[in-house]
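Asks: Compact mmCIF, C-alpha atoms and all ligand atoms, saved as final.txt, coming up:
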# COMPACT_ATOMS: atom_id res chain seq x y z
CA MET L 506 24.90 9.67 18.13
CA THR L 507 25.36 8.47 21.75
CA ASN L 508 22.88 7.10 24.23
CA SER L 509 24.04 5.37 27.42
CA PHE L 510 20.96 3.09 27.44
CA LEU L 511 21.47 1.73 23.95
CA ASP L 512 24.32 -0.29 22.43
CA ASN L 513 25.59 0.54 18.92
CA HIS L 514 23.44 -2.11 17.28
CA GLU L 515 20.27 -0.69 18.85
CA VAL L 516 21.21 2.85 17.76
CA VAL L 517 21.65 1.62 14.15
CA GLU L 518 18.32 -0.22 14.36
CA MET L 519 16.52 2.92 15.54
CA SER L 520 18.13 5.07 12.85
CA SER L 521 17.34 2.54 10.15
CA ALA L 522 13.66 2.54 11.19
CA LYS L 523 13.68 6.35 10.99
CA VAL L 524 15.35 6.38 7.54
CA CYS L 525 12.94 3.72 6.34
CA ARG L 526 9.90 5.68 7.55
CA ILE L 527 11.06 8.92 5.91
CA LEU L 528 11.96 7.31 2.56
CA LYS L 529 8.71 5.36 2.51
CA GLN L 530 6.69 8.51 3.13
CA ARG L 531 8.55 10.34 0.34
CA ILE L 532 8.05 7.46 -2.11
CA GLN L 533 4.39 6.97 -1.28
CA SER L 534 3.61 10.68 -1.49
CA GLY L 535 5.21 10.83 -4.94
CA GLN L 536 7.96 13.22 -3.76
CA LEU L 537 10.44 10.53 -4.86
CA LYS L 538 9.17 9.26 -8.19
CA PRO L 539 9.63 5.78 -9.71
CA GLY L 540 13.10 5.41 -11.24
CA VAL L 541 14.76 8.10 -9.07
CA ARG L 542 18.22 7.09 -7.80
CA LEU L 543 18.59 6.71 -4.04
CA VAL L 544 22.18 7.70 -3.36
CA ARG L 545 23.34 6.33 -0.01
CA ARG L 546 25.77 9.11 0.83
CA THR L 547 23.30 11.86 -0.09
CA ILE L 548 20.53 10.30 2.00
CA ALA L 549 22.89 9.79 4.97
CA ASN L 550 24.00 13.47 4.81
CA ASP L 551 20.46 14.67 4.29
CA LEU L 552 19.13 12.78 7.32
CA ASP L 553 22.25 13.20 9.44
CA VAL L 554 22.90 9.49 9.97
CA SER L 555 25.75 7.15 9.05
CA PRO L 556 25.52 5.11 5.80
CA ILE L 557 24.84 1.81 7.66
CA PRO L 558 21.20 2.56 8.64
CA VAL L 559 20.61 3.87 5.10
CA ILE L 560 21.84 0.56 3.63
CA GLU L 561 19.56 -1.34 6.04
CA ALA L 562 16.56 0.87 5.24
CA LEU L 563 17.08 0.45 1.47
CA TYR L 564 17.30 -3.33 1.92
CA LYS L 565 14.05 -3.34 3.93
CA LEU L 566 12.27 -1.17 1.34
CA GLU L 567 13.50 -3.50 -1.40
CA LYS L 568 11.85 -6.42 0.43
CA GLU L 569 8.61 -4.41 0.57
CA GLY L 570 8.76 -3.80 -3.18
CA LEU L 571 9.29 -0.02 -3.05
CA VAL L 572 12.99 0.03 -3.99
CA GLU L 573 15.07 -1.96 -6.50
CA HIS L 574 18.81 -2.46 -6.81
CA VAL L 575 20.21 -2.11 -10.31
CA PRO L 576 23.64 -3.67 -11.00
CA MET L 577 26.37 -1.00 -11.42
CA GLN L 578 23.89 1.76 -10.57
CA GLY L 579 22.73 1.14 -7.01
CA ALA L 580 19.30 1.64 -5.49
CA ARG L 581 16.39 3.49 -7.02
CA VAL L 582 12.66 3.87 -6.43
CA LYS L 583 11.08 0.84 -8.03
CA ARG L 584 9.69 1.52 -11.48
CA LEU L 585 6.08 0.58 -11.89
CA THR L 586 5.06 -2.01 -14.47
CA MET L 587 1.67 -3.41 -15.42
CA GLU L 588 2.98 -6.86 -14.47
CA GLN L 589 3.44 -5.63 -10.89
CA VAL L 590 -0.01 -4.03 -10.93
CA ARG L 591 -1.60 -7.32 -12.04
CA ASN L 592 0.42 -9.35 -9.52
CA ASP L 593 -0.61 -7.07 -6.67
CA LEU L 594 -4.23 -7.21 -7.76
CA VAL L 595 -4.37 -11.02 -7.82
CA LEU L 596 -2.57 -11.24 -4.47
CA ARG L 597 -4.89 -8.67 -2.89
CA GLU L 598 -7.93 -10.56 -4.17
CA ALA L 599 -6.61 -13.83 -2.69
CA ILE L 600 -5.82 -12.33 0.72
CA GLU L 601 -8.89 -10.13 1.11
CA SER L 602 -11.36 -12.80 -0.01
CA GLN L 603 -9.76 -15.21 2.49
CA CYS L 604 -10.11 -12.55 5.22
CA ALA L 605 -13.80 -12.12 4.36
CA ARG L 606 -14.35 -15.92 4.46
CA LEU L 607 -12.63 -16.22 7.86
CA LEU L 608 -14.58 -13.29 9.30
CA ALA L 609 -17.91 -14.61 8.01
CA ALA L 610 -17.13 -18.01 9.58
CA ALA L 611 -15.90 -16.41 12.84
CA ARG L 612 -19.33 -14.92 13.54
CA LEU L 613 -18.20 -11.55 14.84
CA SER L 614 -20.17 -10.10 17.76
CA SER L 615 -22.75 -7.40 17.03
CA SER L 616 -20.56 -4.77 18.69
CA GLN L 617 -17.63 -5.76 16.43
CA ILE L 618 -19.91 -5.55 13.37
CA ASN L 619 -21.24 -2.16 14.52
CA GLN L 620 -17.70 -0.82 14.90
CA LEU L 621 -16.70 -2.06 11.43
CA SER L 622 -19.91 -0.65 9.92
CA ALA L 623 -19.21 2.77 11.46
CA ARG L 624 -15.68 2.75 10.01
CA ALA L 625 -17.06 1.63 6.64
CA ASP L 626 -19.56 4.52 6.62
CA GLU L 627 -16.84 7.03 7.48
CA LEU L 628 -14.62 5.72 4.67
CA ASP L 629 -17.47 5.66 2.14
CA LYS L 630 -18.23 9.30 2.94
CA MET L 631 -14.57 10.20 2.51
CA MET L 632 -14.33 8.38 -0.85
CA SER L 633 -17.45 10.05 -2.20
CA ARG L 634 -15.91 13.50 -1.63
CA HIS L 635 -13.15 12.83 -4.24
CA GLU L 636 -10.68 15.12 -2.49
CA PRO L 637 -7.84 16.27 -4.79
CA ASN L 638 -5.33 15.28 -2.08
CA PHE L 639 -5.76 11.52 -2.09
CA GLN L 640 -3.17 10.75 0.62
CA PRO L 641 -5.50 10.90 3.69
CA GLY L 642 -8.14 8.89 1.83
CA MET L 643 -5.63 6.29 0.75
CA LYS L 644 -4.34 5.97 4.33
CA ALA L 645 -7.88 5.55 5.72
CA HIS L 646 -8.68 3.03 2.98
CA ALA L 647 -5.58 0.95 3.74
CA GLU L 648 -6.25 1.10 7.49
CA PHE L 649 -9.81 -0.14 6.98
CA HIS L 650 -8.77 -3.20 4.95
CA LEU L 651 -5.86 -3.94 7.31
CA ALA L 652 -8.26 -3.74 10.27
CA LEU L 653 -10.39 -6.45 8.63
CA ALA L 654 -7.28 -8.62 8.17
CA GLN L 655 -6.32 -8.03 11.83
CA GLN L 656 -9.72 -9.29 12.98
CA THR L 657 -8.97 -12.71 11.41
CA GLY L 658 -6.24 -13.33 14.00
CA PHE L 659 -3.68 -14.34 11.34
CA PRO L 660 -0.70 -11.91 11.48
CA ILE L 661 0.67 -13.27 8.17
CA LEU L 662 -2.41 -12.01 6.33
CA VAL L 663 -1.92 -8.53 7.83
CA GLU L 664 1.81 -8.54 7.06
CA GLU L 665 1.41 -9.55 3.41
CA LEU L 666 -1.57 -7.24 2.85
CA ARG L 667 0.35 -4.32 4.35
CA LYS L 668 3.09 -4.81 1.74
CA ILE L 669 0.56 -4.67 -1.09
CA TRP L 670 -1.07 -1.52 0.24
CA SER L 671 2.34 -0.03 0.72
CA ARG L 672 3.17 -0.23 -2.97
CA ARG L 673 2.38 2.57 -5.34
CA PHE L 674 -0.32 0.57 -7.04
CA MET L 675 -2.76 1.43 -4.30
CA GLN L 676 -2.18 5.14 -4.81
CA LEU L 677 -3.05 4.65 -8.45
CA ALA L 678 -6.07 2.61 -7.47
CA TRP L 679 -7.25 5.42 -5.23
CA ILE L 680 -6.89 7.95 -8.05
CA HIS L 681 -8.83 5.59 -10.25
CA SER L 682 -11.62 5.06 -7.77
CA ALA L 683 -12.38 8.72 -8.53
CA LEU L 684 -12.41 8.06 -12.27
CA VAL L 685 -14.57 4.92 -12.05
CA PRO L 686 -16.71 5.84 -9.05
CA VAL L 687 -17.72 3.15 -6.58
CA PRO L 688 -21.24 3.02 -5.08
CA ARG L 689 -21.70 5.32 -2.08
CA ASP L 690 -22.00 2.35 0.32
CA TRP L 691 -19.07 0.39 -1.16
CA HIS L 692 -17.47 -0.59 2.17
CA ARG L 693 -20.75 -0.91 4.05
CA ARG L 694 -21.78 -3.57 1.49
CA LEU L 695 -18.67 -5.59 2.24
CA ILE L 696 -19.30 -5.51 6.00
CA LYS L 697 -22.95 -6.48 5.40
CA ALA L 698 -21.83 -9.58 3.45
CA ILE L 699 -19.38 -10.52 6.24
CA ALA L 700 -22.10 -9.97 8.87
CA SER L 701 -24.41 -12.37 7.00
CA HIS L 702 -22.16 -15.26 8.19
CA ASP L 703 -22.55 -16.72 4.70
CA ILE L 704 -18.98 -17.65 3.72
CA GLN L 705 -19.72 -17.83 -0.01
CA LYS L 706 -21.48 -14.47 -0.02
CA ALA L 707 -18.59 -12.83 1.88
CA ASP L 708 -16.08 -14.35 -0.56
CA VAL L 709 -17.95 -13.05 -3.63
CA ALA L 710 -18.40 -9.57 -2.07
CA ALA L 711 -14.67 -9.29 -1.27
CA ARG L 712 -13.62 -10.37 -4.79
CA LEU L 713 -16.01 -7.87 -6.35
CA HIS L 714 -14.73 -5.20 -3.96
CA VAL L 715 -11.12 -5.74 -5.08
CA CYS L 716 -11.60 -6.47 -8.79
CA ARG L 717 -14.93 -4.75 -9.63
CA ASN L 718 -17.06 -6.30 -12.38
CA PRO L 719 -15.27 -7.29 -15.65
CA ALA L 720 -16.34 -4.15 -17.58
CA GLU L 721 -15.24 -1.81 -14.75
CA GLN L 722 -12.01 -3.74 -14.32
CA GLU L 723 -11.20 -3.28 -18.00
CA THR L 724 -11.76 0.49 -17.71
CA VAL L 725 -9.61 0.66 -14.55
CA MET L 726 -6.81 -1.38 -16.17
CA ARG L 727 -6.81 0.82 -19.28
CA GLY L 728 -6.60 3.93 -17.06
CA LEU L 729 -3.80 2.37 -15.02
CA GLU L 730 -1.87 1.53 -18.19
CA LYS L 731 -1.88 5.23 -19.10
CA ILE L 732 -0.73 6.26 -15.61
CA VAL L 733 2.00 3.60 -15.56
CA ALA L 734 3.21 4.66 -19.04
CA LYS L 735 3.40 8.29 -17.88
CA LEU L 736 5.33 7.33 -14.73
CA GLN L 737 7.72 5.25 -16.84
CA ALA L 738 8.28 8.16 -19.23
CA ASP L 739 8.90 10.52 -16.27
CA ALA L 740 11.40 8.02 -14.84
CA ARG L 741 13.29 7.87 -18.16
CA GLU L 742 13.56 11.66 -18.20
CA THR L 743 14.95 11.82 -14.66
CA ARG L 744 18.59 12.96 -14.65
CA LEU L 745 20.62 10.54 -12.57
CA PRO L 746 22.95 11.84 -9.87
CA CYS L 747 26.53 10.49 -9.61
CA PRO L 748 26.94 6.86 -8.47
CA ASN L 749 26.97 6.10 -4.72
ZN ZN S 801 -11.95 -0.80 -0.24
Here is the file; what I need is its structure written in the form of structure tokens.
Replies:
Amino acid sequence: MTNSFLDNHEVVEMSSAKVCRILKQRIQSGQLKPGVRLVRRTIANDLDVSPIPVIEALYKLEKEGLVEHVPMQGARVKRLTMEQVRNDLVLREAIESQCARLLAAARLSSSQINQLSARADELDKMMSRHEPNFQPGMKAHAEFHLALAQQTGFPILVEELRKIWSRRFMQLAWIHSALVPVPRDWHRRLIKAIASHDIQKADVAARLHVCRNPAEQETVMRGLEKIVAKLQADARETRLPCPN
């Protein structure tokens, strides 16, 4: 690949971003399932790039929690465990409740609240349709919660929340929101609590939004355990290609 405006380092950087984007999309869509080997040479040939950007992309995806490196075997799509699911849940609760507290204290303008309410209504409508293809819904759901984090003005909250949403857990959560339905105004309620400017109320609403009530959470966790067990069994059955 040659480009007179870019030096070699910049070309590698661009290719690694492209490889990263493609692999991420394939992992998040379920095309590449947990446990599947990610063979450097095969990926490089497949995407018509050199192995260096592939190595960089795999390293970046490992930092985001989508890929893991296994000694003597190389990289593979990270296998999902209930420990990860619980860790992501507690981290999401901590970040999103802090976002709600900051936004309630920030006293957003009425036009900002109106915009967030309109987005909440759109998302609630989408969730209530229970589309069999959950990808667009999951994307809209993630974008809504990241938009709330962005409004706080703390990039670290957005960055860390993006990693959580990026992990497969949220796909499972979306599937499960169809099994344990949420109220039709689920996101509108959250915005209403933030708009009340009552920090405590916003905090409680955000925690309930993430974790549901204890009985619902138990049902969701039991359902997730089944999904995780199935994914783990599928990963064990996957035939591994030759080492990279
Ligand atoms: Zn939500």
Asks: Return the single residue from L:Ser701, L:Gln656, L:Ser682, L:Thr724 that is closest to ligand ZN 801 (chain S), with distances computed using only C-alpha atoms and all ligand atoms.
Replies: L:Ser682
Asks: Mind checking which residues fall within 8 Å of L:Arg597, counting all atoms listed in the file, ignoring those fewer than 4 positions away in the same chain, and posting them as a VMD selection string?
Replies: chain L and resid 593 601 666 669 715
Asks: For ligand ZN 801 (chain S), collect every residue having any atom at a distance of at most 9 Å from a ligand atom (counting only C-alpha atoms and all ligand atoms); output as a list of chain:residue names.
Replies: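 Here is the list of contacting residues: L:Ala625, L:Leu628, L:Asp629, L:His646, L:Ala647, L:Phe649, L:His650, L:Trp691, L:His692, L:Leu695, L:Ala711, L:His714, L:Val715.
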Asks: Would you export the selected residues with C-alpha atoms as a PDB file, in the frame of the given file, please?
Replies:
ATOM      1  CA  ALA L 625     -17.060   1.630   6.640  1.00  0.00           C
ATOM      2  CA  LEU L 628     -14.620   5.720   4.670  1.00  0.00           C
ATOM      3  CA  ASP L 629     -17.470   5.660   2.140  1.00  0.00           C
ATOM      4  CA  HIS L 646      -8.680   3.030   2.980  1.00  0.00           C
ATOM      5  CA  ALA L 647      -5.580   0.950   3.740  1.00  0.00           C
ATOM      6  CA  PHE L 649      -9.810  -0.140   6.980  1.00  0.00           C
ATOM      7  CA  HIS L 650      -8.770  -3.200   4.950  1.00  0.00           C
ATOM      8  CA  TRP L 691     -19.070   0.390  -1.160  1.00  0.00           C
ATOM      9  CA  HIS L 692     -17.470  -0.590   2.170  1.00  0.00           C
ATOM     10  CA  LEU L 695     -18.670  -5.590   2.240  1.00  0.00           C
ATOM     11  CA  ALA L 711     -14.670  -9.290  -1.270  1.00  0.00           C
ATOM     12  CA  HIS L 714     -14.730  -5.200  -3.960  1.00  0.00           C
ATOM     13  CA  VAL L 715     -11.120  -5.740  -5.080  1.00  0.00           C
TER      14      VAL L 715
END
Asks: Please indicate the distance in Å from atom CA of L:Gln589 to atom CA of L:Asp690, rounded to one decimal place.
Replies: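 Calculated distance between atom CA of L:Gln589 and atom CA of L:Asp690 is 28.9 Å.
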Asks: Within 12 Å of (25.8, 2.5, 5.8) in the file's own coordinates, which protein, DNA or RNA residues have an atom, counting all atoms listed in the file? List them as a list in words.
Replies: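 Neighbouring residues, ordered by chain and number, come to Val517, Glu518, Ser520, Ser521, Val524, Val544, Arg545, Arg546, Thr547, Ile548, Ala549, Asn550, Asp553, Val554, Ser555, Pro556, Ile557, Pro558, Val559, Ile560, Glu561, Ala562, Leu563, Tyr564 and Asn749 of chain L.
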Asks: Hey, which of L:Pro539, L:Pro719, L:Val709, L:Pro637 ends up closest to L:Thr586? Count all atoms listed in the file.
Replies: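 Using all atoms listed in the file, L:Thr586 sits closest to L:Pro539.
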Asks: Atom CA of L:Arg606 and atom CA of L:Glu723 are how many Å apart?
Replies: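 Spanning atom CA of L:Arg606 to atom CA of L:Glu723 is a straight-line distance of 26.0 Å.
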Asks: Grab the atom CA of L:Phe639 to atom CA of L:Lys697 distance for me, in Å with one decimal place.
Replies: 26.0 Å
Asks: What's the 8 Å shell around L:His681, counting only C-alpha atoms, without same-chain residues fewer than 3 positions away, as a JSON list (two decimals) with C-alpha atoms, in the frame of the given file?
Replies:
[["chain", "number", "residue", "atom", "x", "y", "z"],
["L", 677, "LEU", "CA", -3.05, 4.65, -8.45],
["L", 678, "ALA", "CA", -6.07, 2.61, -7.47],
["L", 684, "LEU", "CA", -12.41, 8.06, -12.27],
["L", 685, "VAL", "CA", -14.57, 4.92, -12.05],
["L", 686, "PRO", "CA", -16.71, 5.84, -9.05],
["L", 725, "VAL", "CA", -9.61, 0.66, -14.55],
["L", 728, "GLY", "CA", -6.60, 3.93, -17.06],
["L", 729, "LEU", "CA", -3.80, 2.37, -15.02]]
Asks: Which residues, written as a list of chain:residue names, have at least one atom at most 8 Å from L:Leu736, with only C-alpha atoms counted and residues fewer than 4 positions away on the same chain left out?
Replies: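 Selected residues are L:Lys538, L:Pro539, L:Arg584, L:Leu585, L:Ile732, L:Ala740.
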Asks: List every protein, DNA or RNA residue that has at least one atom no more than 6 Å from (-4.8, -3.0, -14.1) in the file's coordinates, counting all atoms listed in the file, and write the result as a count of residues only.
Replies: 4
Asks: Of the candidates L:Glu721, L:Glu598, L:Lys529, L:Val663, which one gets nearest to L:Val572 if we count only C-alpha atoms?
Replies: L:Lys529
Asks: What's the 10 Å shell around L:Arg689, counting only C-alpha atoms, without same-chain residues fewer than 5 positions away, as a PyMOL selection string?
Replies: chain L and resi 626+628-633+694
Asks: Quick one: of L:Ile699, L:Ala645, L:Cys716, L:Leu608, who's nearest to L:Arg624, counting all atoms listed in the file?
Replies: L:Ala645
Asks: Just want the 12 Å neighbourhood of L:Val582, counted on all atoms listed in the file, with same-chain residues fewer than 3 positions away dropped. Output as a ChimeraX atom specification.
Replies: /L:528-529,531-533,535-544,563-564,566-567,569-575,579,585,672-673,736-737,740,743
Asks: If you keep C-alpha atoms, can you produce a file of those selected residues as an mmCIF file, in the coordinates of the input?
Replies:
data_model
loop_
_atom_site.group_PDB
_atom_site.id
_atom_site.type_symbol
_atom_site.label_atom_id
_atom_site.label_comp_id
_atom_site.auth_asym_id
_atom_site.auth_seq_id
_atom_site.Cartn_x
_atom_site.Cartn_y
_atom_site.Cartn_z
ATOM 1 C CA LEU L 528 11.960 7.310 2.560
ATOM 2 C CA LYS L 529 8.710 5.360 2.510
ATOM 3 C CA ARG L 531 8.550 10.340 0.340
ATOM 4 C CA ILE L 532 8.050 7.460 -2.110
ATOM 5 C CA GLN L 533 4.390 6.970 -1.280
ATOM 6 C CA GLY L 535 5.210 10.830 -4.940
ATOM 7 C CA GLN L 536 7.960 13.220 -3.760
ATOM 8 C CA LEU L 537 10.440 10.530 -4.860
ATOM 9 C CA LYS L 538 9.170 9.260 -8.190
ATOM 10 C CA PRO L 539 9.630 5.780 -9.710
ATOM 11 C CA GLY L 540 13.100 5.410 -11.240
ATOM 12 C CA VAL L 541 14.760 8.100 -9.070
ATOM 13 C CA ARG L 542 18.220 7.090 -7.800
ATOM 14 C CA LEU L 543 18.590 6.710 -4.040
ATOM 15 C CA VAL L 544 22.180 7.700 -3.360
ATOM 16 C CA LEU L 563 17.080 0.450 1.470
ATOM 17 C CA TYR L 564 17.300 -3.330 1.920
ATOM 18 C CA LEU L 566 12.270 -1.170 1.340
ATOM 19 C CA GLU L 567 13.500 -3.500 -1.400
ATOM 20 C CA GLU L 569 8.610 -4.410 0.570
ATOM 21 C CA GLY L 570 8.760 -3.800 -3.180
ATOM 22 C CA LEU L 571 9.290 -0.020 -3.050
ATOM 23 C CA VAL L 572 12.990 0.030 -3.990
ATOM 24 C CA GLU L 573 15.070 -1.960 -6.500
ATOM 25 C CA HIS L 574 18.810 -2.460 -6.810
ATOM 26 C CA VAL L 575 20.210 -2.110 -10.310
ATOM 27 C CA GLY L 579 22.730 1.140 -7.010
ATOM 28 C CA LEU L 585 6.080 0.580 -11.890
ATOM 29 C CA ARG L 672 3.170 -0.230 -2.970
ATOM 30 C CA ARG L 673 2.380 2.570 -5.340
ATOM 31 C CA LEU L 736 5.330 7.330 -14.730
ATOM 32 C CA GLN L 737 7.720 5.250 -16.840
ATOM 33 C CA ALA L 740 11.400 8.020 -14.840
ATOM 34 C CA THR L 743 14.950 11.820 -14.660
#
Asks: Counting only C-alpha atoms, which residue out of L:Ile680, L:Ser671, L:Ala610, L:Ser615 sits closest to L:Gln705?
Replies: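 Of L:Ile680, L:Ser671, L:Ala610, L:Ser615, the one nearest L:Gln705, counting only C-alpha atoms, is L:Ala610.
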